[in-house]
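Okay, model12.cif now, which holds mmCIF, C-alpha atoms and all ligand atoms:
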```
data_structure
loop_
_atom_site.group_PDB
_atom_site.id
_atom_site.type_symbol
_atom_site.label_atom_id
_atom_site.label_comp_id
_atom_site.auth_asym_id
_atom_site.auth_seq_id
_atom_site.Cartn_x
_atom_site.Cartn_y
_atom_site.Cartn_z
ATOM 1 C CA MET A 1 29.506 23.461 28.448
ATOM 2 C CA SER A 2 28.025 24.682 25.163
ATOM 3 C CA ASN A 3 30.564 22.567 23.317
ATOM 4 C CA SER A 4 29.345 19.412 24.969
ATOM 5 C CA ILE A 5 25.730 20.317 24.170
ATOM 6 C CA ARG A 6 26.731 20.681 20.551
ATOM 7 C CA LYS A 7 28.453 17.336 20.685
ATOM 8 C CA TRP A 8 25.328 15.682 22.078
ATOM 9 C CA ILE A 9 23.062 17.224 19.478
ATOM 10 C CA PHE A 10 25.457 16.000 16.813
ATOM 11 C CA VAL A 11 25.500 12.484 18.260
ATOM 12 C CA LEU A 12 21.680 12.427 18.237
ATOM 13 C CA LEU A 13 21.125 13.965 14.830
ATOM 14 C CA VAL A 14 23.593 12.000 12.725
ATOM 15 C CA PRO A 15 21.794 8.628 13.012
ATOM 16 C CA ILE A 16 18.443 10.320 12.307
ATOM 17 C CA ALA A 17 19.842 11.953 9.166
ATOM 18 C CA VAL A 18 21.413 8.689 7.998
ATOM 19 C CA ILE A 19 18.121 6.803 8.468
ATOM 20 C CA GLY A 20 16.283 9.536 6.560
ATOM 21 C CA VAL A 21 18.635 9.370 3.600
ATOM 22 C CA ILE A 22 18.533 5.564 3.433
ATOM 23 C CA GLY A 23 14.721 5.655 3.611
ATOM 24 C CA SER A 24 14.294 8.113 0.785
ATOM 25 C CA VAL A 25 16.786 6.424 -1.517
ATOM 26 C CA GLY A 26 15.416 2.937 -0.812
ATOM 27 C CA SER A 27 11.841 3.769 -1.814
ATOM 28 C CA GLY A 28 12.532 4.904 -5.382
ATOM 29 C CA GLY A 29 13.795 2.038 -7.481
ATOM 30 C CA HIS A 30 13.469 0.728 -11.048
ATOM 31 C CA GLY A 31 14.723 3.923 -12.709
ATOM 32 C CA VAL A 32 11.207 5.011 -13.766
ATOM 33 C CA ALA A 33 9.596 8.288 -12.778
ATOM 34 C CA LEU A 34 6.927 7.239 -10.283
ATOM 35 C CA GLN A 35 4.044 9.329 -9.051
ATOM 36 C CA SER A 36 3.719 9.833 -5.341
ATOM 37 C CA ALA A 37 0.918 7.680 -3.891
ATOM 38 C CA ASN A 38 0.555 9.748 -0.720
ATOM 39 C CA VAL A 39 -1.305 6.985 1.076
ATOM 40 C CA ASN A 40 -2.427 7.522 4.634
ATOM 41 C CA LEU A 41 -2.745 4.216 6.447
ATOM 42 C CA SER A 42 -4.465 5.758 9.436
ATOM 43 C CA ASP A 43 -7.366 6.764 7.176
ATOM 44 C CA LYS A 44 -9.698 3.835 7.897
ATOM 45 C CA ASP A 45 -12.381 5.011 5.460
ATOM 46 C CA SER A 46 -9.830 4.901 2.672
ATOM 47 C CA LEU A 47 -8.683 1.401 3.708
ATOM 48 C CA GLN A 48 -12.288 0.195 3.778
ATOM 49 C CA ARG A 49 -12.988 1.596 0.322
ATOM 50 C CA GLY A 50 -9.732 0.043 -0.879
ATOM 51 C CA ALA A 51 -10.774 -3.367 0.462
ATOM 52 C CA LYS A 52 -14.117 -3.105 -1.336
ATOM 53 C CA TYR A 53 -12.520 -2.127 -4.647
ATOM 54 C CA TYR A 54 -10.038 -4.932 -4.204
ATOM 55 C CA ALA A 55 -12.788 -7.512 -3.671
ATOM 56 C CA ASN A 56 -14.717 -6.212 -6.683
ATOM 57 C CA TYR A 57 -11.967 -5.573 -9.207
ATOM 58 C CA CYS A 58 -8.908 -7.587 -8.242
ATOM 59 C CA MET A 59 -9.712 -10.664 -6.194
ATOM 60 C CA GLY A 60 -11.157 -12.525 -9.138
ATOM 61 C CA CYS A 61 -7.543 -12.976 -10.205
ATOM 62 C CA HIS A 62 -5.210 -12.038 -7.338
ATOM 63 C CA SER A 63 -5.306 -13.852 -4.002
ATOM 64 C CA LEU A 64 -4.028 -12.449 -0.702
ATOM 65 C CA LYS A 65 -3.024 -15.781 0.707
ATOM 66 C CA PHE A 66 -1.579 -14.564 4.010
ATOM 67 C CA SER A 67 -4.633 -12.512 5.033
ATOM 68 C CA ARG A 68 -7.842 -13.612 6.679
ATOM 69 C CA TYR A 69 -11.059 -11.708 6.070
ATOM 70 C CA ASN A 70 -11.862 -11.204 9.742
ATOM 71 C CA ARG A 71 -8.389 -10.021 10.757
ATOM 72 C CA MET A 72 -8.382 -7.621 7.810
ATOM 73 C CA ALA A 73 -11.798 -6.288 8.854
ATOM 74 C CA GLU A 74 -10.556 -5.681 12.393
ATOM 75 C CA ASP A 75 -7.453 -3.856 11.151
ATOM 76 C CA ILE A 76 -9.246 -1.564 8.741
ATOM 77 C CA GLY A 77 -11.571 -0.320 11.441
ATOM 78 C CA LEU A 78 -14.557 -2.653 11.190
ATOM 79 C CA ASN A 79 -14.384 -3.422 14.898
ATOM 80 C CA ALA A 80 -15.968 -2.892 18.301
ATOM 81 C CA ASP A 81 -13.948 0.319 18.867
ATOM 82 C CA ASN A 82 -15.856 1.868 15.996
ATOM 83 C CA GLY A 83 -19.217 0.557 17.121
ATOM 84 C CA PHE A 84 -19.485 -2.524 14.902
ATOM 85 C CA THR A 85 -20.894 -5.674 16.474
ATOM 86 C CA ASP A 86 -19.550 -9.067 15.407
ATOM 87 C CA ASP A 87 -22.762 -9.748 13.502
ATOM 88 C CA GLN A 88 -22.488 -6.469 11.623
ATOM 89 C CA VAL A 89 -18.888 -7.197 10.658
ATOM 90 C CA THR A 90 -19.842 -10.658 9.424
ATOM 91 C CA ALA A 91 -22.746 -9.225 7.434
ATOM 92 C CA PHE A 92 -20.541 -6.503 5.951
ATOM 93 C CA LEU A 93 -17.874 -9.010 4.969
ATOM 94 C CA LYS A 94 -20.363 -11.393 3.383
ATOM 95 C CA GLU A 95 -22.090 -8.633 1.471
ATOM 96 C CA ASN A 96 -19.116 -6.616 0.273
ATOM 97 C CA LEU A 97 -15.912 -8.560 0.453
ATOM 98 C CA ILE A 98 -16.307 -12.318 0.321
ATOM 99 C CA PHE A 99 -17.051 -13.493 -3.192
ATOM 100 C CA THR A 100 -15.077 -16.712 -2.876
ATOM 101 C CA ARG A 101 -16.921 -20.027 -2.613
ATOM 102 C CA ASP A 102 -15.760 -23.426 -1.405
ATOM 103 C CA GLU A 103 -16.058 -26.687 -3.369
ATOM 104 C CA ASP A 104 -19.715 -27.065 -2.384
ATOM 105 C CA GLY A 105 -20.509 -23.628 -3.761
ATOM 106 C CA LYS A 106 -20.977 -22.131 -0.282
ATOM 107 C CA GLN A 107 -19.568 -18.706 0.553
ATOM 108 C CA VAL A 108 -16.358 -19.241 2.558
ATOM 109 C CA LYS A 109 -16.232 -18.387 6.285
ATOM 110 C CA THR A 110 -15.083 -15.007 7.592
ATOM 111 C CA GLY A 111 -12.011 -16.658 9.164
ATOM 112 C CA SER A 112 -10.833 -18.019 5.806
ATOM 113 C CA LEU A 113 -7.665 -17.008 4.063
ATOM 114 C CA MET A 114 -8.249 -14.646 1.148
ATOM 115 C CA THR A 115 -7.310 -17.194 -1.455
ATOM 116 C CA ASN A 116 -9.225 -17.773 -4.644
ATOM 117 C CA ALA A 117 -9.670 -20.331 -7.327
ATOM 118 C CA TYR A 118 -7.742 -19.042 -10.321
ATOM 119 C CA SER A 119 -5.519 -22.011 -11.125
ATOM 120 C CA PRO A 120 -2.010 -21.324 -12.448
ATOM 121 C CA LYS A 121 -2.884 -23.339 -15.564
ATOM 122 C CA ALA A 122 -5.994 -21.311 -16.377
ATOM 123 C CA ALA A 123 -4.001 -18.116 -15.771
ATOM 124 C CA ALA A 124 -1.245 -19.230 -18.114
ATOM 125 C CA GLU A 125 -3.820 -19.881 -20.834
ATOM 126 C CA ALA A 126 -5.637 -16.611 -20.320
ATOM 127 C CA PHE A 127 -2.728 -14.211 -19.784
ATOM 128 C CA GLY A 128 0.338 -16.088 -20.933
ATOM 129 C CA THR A 129 1.763 -15.687 -17.432
ATOM 130 C CA SER A 130 0.901 -16.527 -13.846
ATOM 131 C CA VAL A 131 -1.270 -14.204 -11.771
ATOM 132 C CA PRO A 132 0.836 -13.184 -8.787
ATOM 133 C CA ASP A 133 -0.469 -13.232 -5.228
ATOM 134 C CA LEU A 134 -0.440 -9.616 -4.034
ATOM 135 C CA SER A 135 0.190 -10.209 -0.313
ATOM 136 C CA LEU A 136 3.662 -8.700 -0.423
ATOM 137 C CA VAL A 137 3.508 -6.421 -3.436
ATOM 138 C CA GLY A 138 3.210 -3.375 -1.166
ATOM 139 C CA ARG A 139 6.716 -4.151 0.032
ATOM 140 C CA SER A 140 8.324 -5.597 -3.087
ATOM 141 C CA ARG A 141 7.146 -2.828 -5.412
ATOM 142 C CA GLY A 142 6.229 -0.048 -2.986
ATOM 143 C CA ALA A 143 3.169 2.202 -2.860
ATOM 144 C CA ASP A 144 4.350 4.701 -5.478
ATOM 145 C CA TRP A 145 4.962 1.920 -7.972
ATOM 146 C CA ILE A 146 1.474 0.380 -7.471
ATOM 147 C CA TYR A 147 -0.134 3.801 -7.743
ATOM 148 C CA SER A 148 1.731 4.629 -10.942
ATOM 149 C CA TYR A 149 1.035 1.159 -12.331
ATOM 150 C CA LEU A 150 -2.733 1.444 -11.862
ATOM 151 C CA LYS A 151 -2.618 4.841 -13.553
ATOM 152 C CA GLY A 152 -0.205 3.725 -16.245
ATOM 153 C CA PHE A 153 -2.319 1.587 -18.607
ATOM 154 C CA TYR A 154 -2.542 2.821 -22.184
ATOM 155 C CA LEU A 155 -3.901 1.469 -25.473
ATOM 156 C CA ASP A 156 -1.453 -0.633 -27.450
ATOM 157 C CA ASP A 157 -2.752 -2.752 -30.334
ATOM 158 C CA SER A 158 0.388 -4.830 -30.443
ATOM 159 C CA ARG A 159 -0.388 -6.372 -27.037
ATOM 160 C CA PRO A 160 -2.724 -9.373 -26.473
ATOM 161 C CA MET A 161 -4.835 -7.461 -23.939
ATOM 162 C CA GLY A 162 -4.852 -4.341 -26.105
ATOM 163 C CA VAL A 163 -3.020 -2.362 -23.431
ATOM 164 C CA ASN A 164 0.484 -1.705 -22.251
ATOM 165 C CA ASN A 165 1.763 0.009 -19.117
ATOM 166 C CA THR A 166 4.238 2.816 -18.467
ATOM 167 C CA VAL A 167 5.853 1.239 -15.402
ATOM 168 C CA PHE A 168 5.381 -2.437 -16.357
ATOM 169 C CA LYS A 169 6.407 -2.836 -19.974
ATOM 170 C CA ASP A 170 4.457 -5.485 -21.927
ATOM 171 C CA VAL A 171 2.285 -6.318 -18.949
ATOM 172 C CA GLY A 172 0.013 -9.394 -19.106
ATOM 173 C CA MET A 173 -2.769 -7.866 -17.011
ATOM 174 C CA PRO A 174 -5.777 -6.305 -18.753
ATOM 175 C CA HIS A 175 -6.814 -2.764 -17.788
ATOM 176 C CA VAL A 176 -9.407 -3.937 -15.255
ATOM 177 C CA LEU A 177 -10.292 -0.416 -14.101
ATOM 178 C CA ALA A 178 -11.006 0.823 -17.627
ATOM 179 C CA ASP A 179 -14.714 1.349 -16.967
ATOM 180 C CA LEU A 180 -13.739 3.789 -14.198
ATOM 181 C CA GLN A 181 -10.724 5.496 -15.730
ATOM 182 C CA GLY A 182 -11.416 5.134 -19.435
ATOM 183 C CA TYR A 183 -8.579 4.527 -21.890
ATOM 184 C CA GLN A 184 -5.379 6.491 -22.246
ATOM 185 C CA THR A 185 -3.146 6.887 -25.268
ATOM 186 C CA LEU A 186 0.589 7.335 -25.256
ATOM 187 C CA ALA A 187 1.198 10.838 -26.536
ATOM 188 C CA HIS A 188 4.936 11.070 -26.540
ATOM 189 C CA GLN A 189 7.940 9.183 -25.405
ATOM 190 C CA GLU A 190 11.491 10.330 -24.916
ATOM 191 C CA GLY A 191 14.077 7.841 -26.088
ATOM 192 C CA ASP A 192 13.735 4.466 -24.436
ATOM 193 C CA ASP A 193 12.786 5.793 -21.053
ATOM 194 C CA HIS A 194 9.258 4.517 -20.558
ATOM 195 C CA GLY A 195 8.868 6.673 -17.456
ATOM 196 C CA ALA A 196 8.979 9.892 -19.461
ATOM 197 C CA ALA A 197 5.868 8.826 -21.353
ATOM 198 C CA LYS A 198 2.973 11.249 -21.407
ATOM 199 C CA LEU A 199 -0.527 9.795 -21.315
ATOM 200 C CA VAL A 200 -3.671 11.442 -22.618
ATOM 201 C CA LEU A 201 -7.185 10.307 -21.810
ATOM 202 C CA SER A 202 -8.613 9.431 -25.213
ATOM 203 C CA LYS A 203 -11.810 7.675 -24.094
ATOM 204 C CA PRO A 204 -13.232 8.873 -20.753
ATOM 205 C CA GLY A 205 -14.577 6.419 -18.172
ATOM 206 C CA LYS A 206 -17.206 6.821 -15.469
ATOM 207 C CA LEU A 207 -14.963 8.812 -13.145
ATOM 208 C CA SER A 208 -13.176 12.128 -13.419
ATOM 209 C CA ALA A 209 -9.378 12.095 -13.200
ATOM 210 C CA GLY A 210 -9.504 13.229 -9.554
ATOM 211 C CA GLU A 211 -12.037 10.570 -8.596
ATOM 212 C CA TYR A 212 -9.999 7.896 -10.316
ATOM 213 C CA ASP A 213 -6.875 9.011 -8.447
ATOM 214 C CA ARG A 214 -8.765 8.550 -5.207
ATOM 215 C CA VAL A 215 -9.847 5.016 -6.127
ATOM 216 C CA VAL A 216 -6.272 4.133 -7.020
ATOM 217 C CA ARG A 217 -4.958 5.728 -3.820
ATOM 218 C CA ASP A 218 -7.468 3.696 -1.748
ATOM 219 C CA LEU A 219 -6.421 0.484 -3.503
ATOM 220 C CA THR A 220 -2.734 1.290 -3.063
ATOM 221 C CA GLY A 221 -3.212 2.065 0.631
ATOM 222 C CA PHE A 222 -5.068 -1.198 1.102
ATOM 223 C CA LEU A 223 -2.266 -3.183 -0.563
ATOM 224 C CA ALA A 224 0.359 -1.326 1.468
ATOM 225 C CA TYR A 225 -1.501 -2.266 4.645
ATOM 226 C CA VAL A 226 -1.942 -5.920 3.536
ATOM 227 C CA SER A 227 1.772 -6.319 2.904
ATOM 228 C CA GLU A 228 2.554 -5.373 6.478
ATOM 229 C CA PRO A 229 -0.503 -5.434 8.760
ATOM 230 C CA ALA A 230 1.600 -4.708 11.838
ATOM 231 C CA GLN A 231 2.758 -1.367 10.475
ATOM 232 C CA LEU A 232 -0.447 0.295 11.659
ATOM 233 C CA SER A 233 0.606 -0.264 15.268
ATOM 234 C CA ARG A 234 4.356 -0.420 14.662
ATOM 235 C CA LYS A 235 4.530 3.201 13.522
ATOM 236 C CA MET A 236 2.766 4.296 16.687
ATOM 237 C CA TYR A 237 5.241 2.364 18.850
ATOM 238 C CA GLY A 238 8.068 3.970 16.927
ATOM 239 C CA ILE A 239 6.798 7.447 17.695
ATOM 240 C CA LEU A 240 6.189 6.581 21.348
ATOM 241 C CA THR A 241 9.720 5.195 21.576
ATOM 242 C CA LEU A 242 11.215 8.384 20.148
ATOM 243 C CA LEU A 243 9.187 10.500 22.582
ATOM 244 C CA PHE A 244 10.358 8.313 25.440
ATOM 245 C CA LEU A 245 13.978 8.693 24.363
ATOM 246 C CA MET A 246 13.613 12.459 24.172
ATOM 247 C CA VAL A 247 12.234 12.655 27.701
ATOM 248 C CA LEU A 248 14.957 10.293 28.926
ATOM 249 C CA PHE A 249 17.580 12.453 27.266
ATOM 250 C CA GLY A 250 16.200 15.499 29.083
ATOM 251 C CA PHE A 251 16.487 13.760 32.452
ATOM 252 C CA ALA A 252 19.912 12.342 31.727
ATOM 253 C CA TYR A 253 21.159 15.731 30.677
ATOM 254 C CA ALA A 254 19.779 17.466 33.772
ATOM 255 C CA LEU A 255 21.254 14.767 35.957
ATOM 256 C CA SER A 256 24.646 15.025 34.343
ATOM 257 C CA LYS A 257 24.615 18.788 34.818
ATOM 258 C CA GLU A 258 23.735 18.357 38.475
ATOM 259 C CA TYR A 259 26.531 15.807 38.929
ATOM 260 C CA TRP A 260 29.271 17.877 37.455
ATOM 261 C CA LYS A 261 28.216 21.331 38.585
ATOM 262 C CA ASP A 262 30.822 21.609 41.387
ATOM 263 C CA ILE A 263 33.686 20.027 39.513
ATOM 264 C CA HIS A 264 35.622 22.375 37.291
HETATM 265 C C1 LIG B 1 -8.205 -10.610 -15.169
HETATM 266 C C2 LIG B 1 -7.243 -10.944 -14.159
HETATM 267 C C3 LIG B 1 -6.660 -9.797 -13.355
HETATM 268 C C4 LIG B 1 -7.359 -8.883 -12.603
HETATM 269 C C5 LIG B 1 -8.858 -8.786 -12.397
HETATM 270 C C6 LIG B 1 -6.368 -8.038 -11.975
HETATM 271 N N1 LIG B 1 -5.108 -8.426 -12.344
HETATM 272 FE FE1 LIG B 1 -3.381 -7.639 -11.652
HETATM 273 N N2 LIG B 1 -2.310 -8.927 -12.786
HETATM 274 C C7 LIG B 1 -2.852 -9.902 -13.609
HETATM 275 C C8 LIG B 1 -1.783 -10.603 -14.289
HETATM 276 C C9 LIG B 1 -1.944 -11.744 -15.282
HETATM 277 C C10 LIG B 1 -0.578 -10.019 -13.835
HETATM 278 C C11 LIG B 1 0.842 -10.421 -14.228
HETATM 279 C C12 LIG B 1 1.266 -9.525 -15.348
HETATM 280 C C13 LIG B 1 2.588 -9.938 -15.943
HETATM 281 O O1 LIG B 1 3.389 -10.604 -15.278
HETATM 282 O O2 LIG B 1 2.817 -9.576 -17.108
HETATM 283 C C14 LIG B 1 -0.955 -8.969 -12.899
HETATM 284 C C15 LIG B 1 -0.039 -8.172 -12.234
HETATM 285 C C16 LIG B 1 -0.363 -7.223 -11.258
HETATM 286 C C17 LIG B 1 0.579 -6.474 -10.475
HETATM 287 C C18 LIG B 1 2.088 -6.542 -10.593
HETATM 288 C C19 LIG B 1 2.611 -7.540 -9.619
HETATM 289 C C20 LIG B 1 4.118 -7.639 -9.700
HETATM 290 O O3 LIG B 1 4.770 -7.317 -8.711
HETATM 291 O O4 LIG B 1 4.623 -8.002 -10.755
HETATM 292 C C21 LIG B 1 -0.133 -5.670 -9.632
HETATM 293 C C22 LIG B 1 0.399 -4.694 -8.609
HETATM 294 C C23 LIG B 1 -1.520 -5.928 -9.894
HETATM 295 N N3 LIG B 1 -1.633 -6.881 -10.880
HETATM 296 C C24 LIG B 1 -2.540 -5.287 -9.244
HETATM 297 C C25 LIG B 1 -3.883 -5.501 -9.533
HETATM 298 C C26 LIG B 1 -4.952 -4.754 -8.893
HETATM 299 C C27 LIG B 1 -4.779 -3.683 -7.815
HETATM 300 C C28 LIG B 1 -6.110 -5.205 -9.439
HETATM 301 C C29 LIG B 1 -7.500 -4.703 -9.167
HETATM 302 C C30 LIG B 1 -7.729 -3.309 -9.426
HETATM 303 C C31 LIG B 1 -5.766 -6.249 -10.411
HETATM 304 N N4 LIG B 1 -4.398 -6.390 -10.432
HETATM 305 C C32 LIG B 1 -6.689 -6.990 -11.142
HETATM 306 C C33 LIG B 1 -4.201 -10.189 -13.765
HETATM 307 C C34 LIG B 1 -5.234 -9.496 -13.178
#
```
Is it possible to express this structure as structure tokens?
Amino acid sequence: MSNSIRKWIFVLLVPIAVIGVIGSVGSGGHGVALQSANVNLSDKDSLQRGAKYYANYCMGCHSLKFSRYNRMAEDIGLNADNGFTDDQVTAFLKENLIFTRDEDGKQVKTGSLMTNAYSPKAAAEAFGTSVPDLSLVGRSRGADWIYSYLKGFYLDDSRPMGVNNTVFKDVGMPHVLADLQGYQTLAHQEGDDHGAAKLVLSKPGKLSAGEYDRVVRDLTGFLAYVSEPAQLSRKMYGILTLLFLMVLFGFAYALSKEYWKDIH
């Protein structure tokens, strides 16, 4: 009997281990030492702060063309479950998040897509490259990459924007969070591996290092959510499914024992 228990445990554990290994290998990427973002997508306060920072610091350039303001508000906890009325949500969105205007100069509706008016041509002139939509960047780059990127700007006179980046070499984006973080200088670099670079804060910004990390974590969490809105509920279903399977296994095992108890 104990042999068959062992066999069952083995059968159950192997797929779990395989999934774990694939998951951890898959999230690294790009051969650069990334910092761990540690985002918590069930932290609605963090998601709400992230959305606000995004609207203030990023949306002037980067659209989120698959998201609508009102759906986003619902997902990040601005909803009836948390005591917000529809009017309050609309007011919050208009005050804090919607800075986009339509052709007549009117603020766009809360059901609008989070697009904006930076034309590819203007972007090419300003940055020498297009400004990517960030709807899927949470998936294409991953949270750790975004987190490291937003912490990785450093002064570099040879670049048009005056800055370079440890995880995105010769980046076209300016350091838009410089007033918060300040400016960093590259202190040392081992060989060609950009990831081994050490950054020193040479001109402090408004925030301490810890406060800046929190801002960047909020932004990263928000972008991770945006890239896959369904993951907030999907993870819960996953856990429920595993619990269900465990209970089912218990029953099946007891039943099988009962079945075979007289046959030896
Ligand atoms: C002034 C315009 C501007 C603002 C504001 C801006 N960006 Fe960018 N961003 C760019 C440009 C241009 C690029 C493309 C850089 C390149 O390809 O060299 C870029 C690239 C990126 C990328 C890399 C995308 C990829 O996968 O290649 C991320 C992530 C990003 N920005 C995040 C942000 C976040 C978060 C904010 C707000 C804190 C922000 N950006 C604000 C102009 C901007």
Note to self: Using the chain letters and numbers from this file, what does the PyMOL selection byres (((chain A and resi 60) around 10) and not hetatm) select? Give the answer as a list in words.
What the structure shows: Tyr54, Ala55, Asn56, Tyr57, Cys58, Met59, Cys61, His62, Ser63, Phe99, Thr100, Thr115, Asn116, Ala117 and Tyr118 of chain A
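Evaluated against this file, the PyMOL selection byres (((chain A and resi 111) around 9) and not hetatm) yields Arg68, Tyr69, Asn70, Arg71, Val108, Lys109, Thr110, Ser112 and Leu113 of chain A.
Residue nearest Leu134 (chain A), chosen from A:Ser42, A:Ser67, A:Thr185, A:Ser119 and counting only C-alpha atoms: A:Ser67.
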Next item on the list: Could you give me the residues within 9 Å of ligand LIG 1 (chain B), counting all atoms listed in the file, as a PyMOL selection string?
Entry: chain A and resi 53-62+118+123-124+126-134+136-138+140-141+145-147+149-150+168-177+216+219-220+223
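Taking CA of Leu207 (chain A) and CA of Lys151 (chain A) as endpoints, the distance between them is 13.0 Å.
Between CA of Ser36 (chain A) and CA of Leu199 (chain A) there is a distance of 16.5 Å.
What separates CA of Gly221 (chain A) from CA of Tyr237 (chain A) is a distance of 20.1 Å.
Distance check against Val167 (chain A) using only C-alpha atoms: of A:Gln181, A:Tyr154, A:Asp75, A:Tyr212, the minimum falls on A:Tyr154.
Nearest residue to Asp43 (chain A), choosing from A:Arg159, A:Arg217, A:Gly238, A:Phe153 and counting only C-alpha atoms: A:Arg217.
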Margin query: Which residue is closest to Asp45 (chain A)? Choose from A:Asn164, A:Gly77, A:Val215, A:Lys261 and count only C-alpha atoms.
Written below: A:Gly77
Enclose all atoms of region 148-151 of chain A listed in the file in an axis-aligned box, grow every side by 5 Å, and hand back centre and edge lengths in Å to one decimal, as JSON.
```
{"center_x": -0.5, "center_y": 3.0, "center_z": -12.2, "size_x": 14.5, "size_y": 13.7, "size_z": 12.6}
```
Check: Which neighbours of Ala51 (chain A) fall inside 9 Å, counting only C-alpha atoms, when residues of the same chain fewer than 6 positions from it are skipped, and could you give them as a PyMOL selection string?
Finding: chain A and resi 72-73+76+96-97+218-219+222-223
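If you measure from each of A:Leu155, A:Ser135, A:Phe84, A:Val226 to Lys203 (chain A) using all atoms listed in the file, the closest one turns out to be A:Leu155.
Closest approach to Ser227 (chain A) among A:Leu47, A:Gly105, A:Gly142, A:Glu74: A:Gly142, based on only C-alpha atoms.
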